[in-house]
Amino acid sequence: QLQLVESGGGLAQPGGSLKLSCSGSGFSKFRLGSVTIGWFRQAPGKEREEVSCVSHNDEKENYIDSAKGRVSISRDNTGNTVYLEINDLQPEDTGVYYCAASPRSCTPDISNFASWGQGIQVTVVS
């Protein structure tokens, strides 16, 4: 069973940067590079929303207008880690960030993502 683990969160100041990592384990035939990975965030009191996605064929999508131009999603060379880099952090970037896997191409439909990490807190405060 695919297991995802997020890391790299924490406290940051406005204008700073963070690079979140999503690592996969627990699957025998396929590496993380063979599935679509989405990054999501859930702000306090709000619904979970998709930030960015990289598909199994390396197509990339960004979904939050306020974050476009500030976020970058990428895979490492091994294919087993997916990164989300957020630059020029803003207080509205605060929330719990999750990565999730889907067998389909990138989509804003959260129901397509079946395997989820536990989430990691990102707090942007001056």
# chains A, B, ... in the order shown; residues from 1 in each chain; ligands from 1
$ select_by_dssp --residues "region 41-115 of chain A" --states "strand (DSSP E)" --output "ChimeraX atom specification"
/A:41-42,49-54,60-62,71-75,81-86,95-102,115
$ write_last_selection --atoms "N, CA and C atoms" --output "short mmCIF file (atom, residue, chain, number, x, y, z; two decimals), in the first residue's frame"
data_model
loop_
_atom_site.label_atom_id
_atom_site.label_comp_id
_atom_site.auth_asym_id
_atom_site.auth_seq_id
_atom_site.Cartn_x
_atom_site.Cartn_y
_atom_site.Cartn_z
N ARG A 41 -3.72 22.14 0.62
CA ARG A 41 -3.60 22.80 1.91
C ARG A 41 -4.99 23.02 2.50
N GLN A 42 -5.01 23.04 3.82
CA GLN A 42 -6.25 23.30 4.53
C GLN A 42 -5.98 24.36 5.58
N GLU A 49 -7.98 22.51 -0.16
CA GLU A 49 -7.94 22.93 -1.55
C GLU A 49 -6.62 22.50 -2.18
N GLU A 50 -6.66 22.24 -3.45
CA GLU A 50 -5.46 21.79 -4.15
C GLU A 50 -4.61 23.00 -4.52
N VAL A 51 -3.32 22.88 -4.23
CA VAL A 51 -2.38 23.95 -4.55
C VAL A 51 -1.72 23.70 -5.90
N SER A 52 -1.19 22.51 -6.06
CA SER A 52 -0.42 22.21 -7.25
C SER A 52 -0.41 20.71 -7.48
N CYS A 53 -0.09 20.32 -8.70
CA CYS A 53 -0.13 18.91 -9.06
C CYS A 53 0.92 18.63 -10.13
N VAL A 54 1.53 17.45 -10.05
CA VAL A 54 2.39 16.98 -11.13
C VAL A 54 1.91 15.58 -11.51
N LYS A 60 2.24 19.70 -15.20
CA LYS A 60 2.09 20.40 -13.93
C LYS A 60 0.95 21.40 -14.00
N GLU A 61 0.25 21.51 -12.87
CA GLU A 61 -0.84 22.44 -12.77
C GLU A 61 -0.76 23.17 -11.43
N ASN A 62 -1.11 24.45 -11.45
CA ASN A 62 -1.26 25.22 -10.21
C ASN A 62 -2.70 25.72 -10.14
N VAL A 71 4.55 29.33 -6.37
CA VAL A 71 4.71 27.92 -6.03
C VAL A 71 5.31 27.18 -7.22
N SER A 72 6.07 26.15 -6.89
CA SER A 72 6.70 25.33 -7.91
C SER A 72 6.69 23.90 -7.43
N ILE A 73 6.20 23.00 -8.27
CA ILE A 73 6.18 21.59 -7.92
C ILE A 73 7.19 20.86 -8.79
N SER A 74 7.87 19.90 -8.20
CA SER A 74 8.91 19.19 -8.94
C SER A 74 9.13 17.82 -8.33
N ARG A 75 9.77 16.95 -9.11
CA ARG A 75 10.16 15.62 -8.63
C ARG A 75 11.67 15.56 -8.56
N THR A 81 10.45 11.35 -4.55
CA THR A 81 10.12 12.52 -3.74
C THR A 81 9.56 13.60 -4.65
N VAL A 82 8.49 14.23 -4.19
CA VAL A 82 7.89 15.36 -4.90
C VAL A 82 7.97 16.57 -3.99
N TYR A 83 8.41 17.68 -4.53
CA TYR A 83 8.61 18.88 -3.74
C TYR A 83 7.55 19.93 -4.08
N LEU A 84 7.22 20.74 -3.10
CA LEU A 84 6.44 21.94 -3.34
C LEU A 84 7.21 23.10 -2.72
N GLU A 85 7.70 23.97 -3.56
CA GLU A 85 8.41 25.14 -3.07
C GLU A 85 7.48 26.34 -3.12
N ILE A 86 7.40 27.04 -2.01
CA ILE A 86 6.56 28.23 -1.92
C ILE A 86 7.45 29.41 -1.61
N GLY A 95 -1.46 26.91 6.94
CA GLY A 95 -2.39 25.79 6.94
C GLY A 95 -1.65 24.48 7.05
N VAL A 96 -2.41 23.40 7.01
CA VAL A 96 -1.82 22.07 6.97
C VAL A 96 -1.71 21.66 5.51
N TYR A 97 -0.52 21.25 5.13
CA TYR A 97 -0.26 20.86 3.75
C TYR A 97 -0.19 19.34 3.65
N TYR A 98 -0.89 18.82 2.66
CA TYR A 98 -0.95 17.39 2.43
C TYR A 98 -0.47 17.07 1.01
N CYS A 99 0.16 15.93 0.85
CA CYS A 99 0.35 15.41 -0.50
C CYS A 99 -0.52 14.17 -0.64
N ALA A 100 -0.92 13.91 -1.87
CA ALA A 100 -1.81 12.80 -2.14
C ALA A 100 -1.53 12.26 -3.53
N ALA A 101 -1.84 10.99 -3.72
CA ALA A 101 -1.56 10.32 -4.99
C ALA A 101 -2.85 9.95 -5.70
N SER A 102 -2.78 10.02 -7.01
CA SER A 102 -3.91 9.66 -7.85
C SER A 102 -3.42 8.84 -9.04
N SER A 115 -4.65 8.13 -1.92
CA SER A 115 -3.67 7.92 -0.84
C SER A 115 -3.18 9.27 -0.35
#
$ residues_around --residues "Ser17 (chain A)" --least-positions-apart "4" --cutoff "9 Å" --atoms "only C-alpha atoms" --output "PyMOL selection string"
chain A and resi 12-13+85-89
$ atom_distance --atom1 "CA of Cys22 (chain A)" --atom2 "CA of Glu6 (chain A)"
4.6 Å
$ decode --residues "region 61-86 of chain A" --atoms "N, CA and C atoms" --output "CSV table (one decimal), in the first residue's frame"
chain,number,residue,atom,x,y,z
A,61,GLU,N,0.3,21.5,-12.9
A,61,GLU,CA,-0.8,22.4,-12.8
A,61,GLU,C,-0.8,23.2,-11.4
A,62,ASN,N,-1.1,24.5,-11.5
A,62,ASN,CA,-1.3,25.2,-10.2
A,62,ASN,C,-2.7,25.7,-10.1
A,63,TYR,N,-3.3,25.6,-9.0
A,63,TYR,CA,-4.7,25.8,-8.9
A,63,TYR,C,-5.2,27.1,-8.1
A,64,ILE,N,-4.3,27.6,-7.3
A,64,ILE,CA,-4.7,28.7,-6.4
A,64,ILE,C,-4.2,30.0,-7.1
A,65,ASP,N,-5.1,30.9,-7.4
A,65,ASP,CA,-4.7,32.1,-8.1
A,65,ASP,C,-3.7,33.0,-7.3
A,66,SER,N,-3.9,33.1,-6.0
A,66,SER,CA,-3.0,33.9,-5.2
A,66,SER,C,-1.6,33.3,-5.0
A,67,ALA,N,-1.5,32.0,-5.4
A,67,ALA,CA,-0.2,31.3,-5.2
A,67,ALA,C,0.5,31.2,-6.5
A,68,LYS,N,-0.2,31.4,-7.6
A,68,LYS,CA,0.5,31.2,-8.9
A,68,LYS,C,1.7,32.2,-9.1
A,69,GLY,N,2.8,31.7,-9.6
A,69,GLY,CA,4.0,32.5,-9.7
A,69,GLY,C,4.8,32.4,-8.4
A,70,ARG,N,4.2,31.8,-7.3
A,70,ARG,CA,5.0,31.7,-6.1
A,70,ARG,C,5.3,30.3,-5.7
A,71,VAL,N,4.5,29.3,-6.4
A,71,VAL,CA,4.7,27.9,-6.0
A,71,VAL,C,5.3,27.2,-7.2
A,72,SER,N,6.1,26.1,-6.9
A,72,SER,CA,6.7,25.3,-7.9
A,72,SER,C,6.7,23.9,-7.4
A,73,ILE,N,6.2,23.0,-8.3
A,73,ILE,CA,6.2,21.6,-7.9
A,73,ILE,C,7.2,20.9,-8.8
A,74,SER,N,7.9,19.9,-8.2
A,74,SER,CA,8.9,19.2,-8.9
A,74,SER,C,9.1,17.8,-8.3
A,75,ARG,N,9.8,17.0,-9.1
A,75,ARG,CA,10.2,15.6,-8.6
A,75,ARG,C,11.7,15.6,-8.6
A,76,ASP,N,12.2,14.7,-7.7
A,76,ASP,CA,13.6,14.5,-7.7
A,76,ASP,C,14.0,13.4,-8.7
A,77,ASN,N,15.3,13.3,-8.9
A,77,ASN,CA,15.7,12.4,-10.0
A,77,ASN,C,15.4,10.9,-9.7
A,78,THR,N,15.2,10.5,-8.5
A,78,THR,CA,14.9,9.2,-8.2
A,78,THR,C,13.4,8.9,-8.4
A,79,GLY,N,12.6,10.0,-8.5
A,79,GLY,CA,11.2,9.8,-8.7
A,79,GLY,C,10.4,9.5,-7.4
A,80,ASN,N,11.1,9.4,-6.3
A,80,ASN,CA,10.5,9.0,-5.1
A,80,ASN,C,10.1,10.1,-4.1
A,81,THR,N,10.4,11.4,-4.6
A,81,THR,CA,10.1,12.5,-3.7
A,81,THR,C,9.6,13.6,-4.6
A,82,VAL,N,8.5,14.2,-4.2
A,82,VAL,CA,7.9,15.4,-4.9
A,82,VAL,C,8.0,16.6,-4.0
A,83,TYR,N,8.4,17.7,-4.5
A,83,TYR,CA,8.6,18.9,-3.7
A,83,TYR,C,7.6,19.9,-4.1
A,84,LEU,N,7.2,20.7,-3.1
A,84,LEU,CA,6.4,21.9,-3.3
A,84,LEU,C,7.2,23.1,-2.7
A,85,GLU,N,7.7,24.0,-3.6
A,85,GLU,CA,8.4,25.1,-3.1
A,85,GLU,C,7.5,26.3,-3.1
A,86,ILE,N,7.4,27.0,-2.0
A,86,ILE,CA,6.6,28.2,-1.9
A,86,ILE,C,7.5,29.4,-1.6
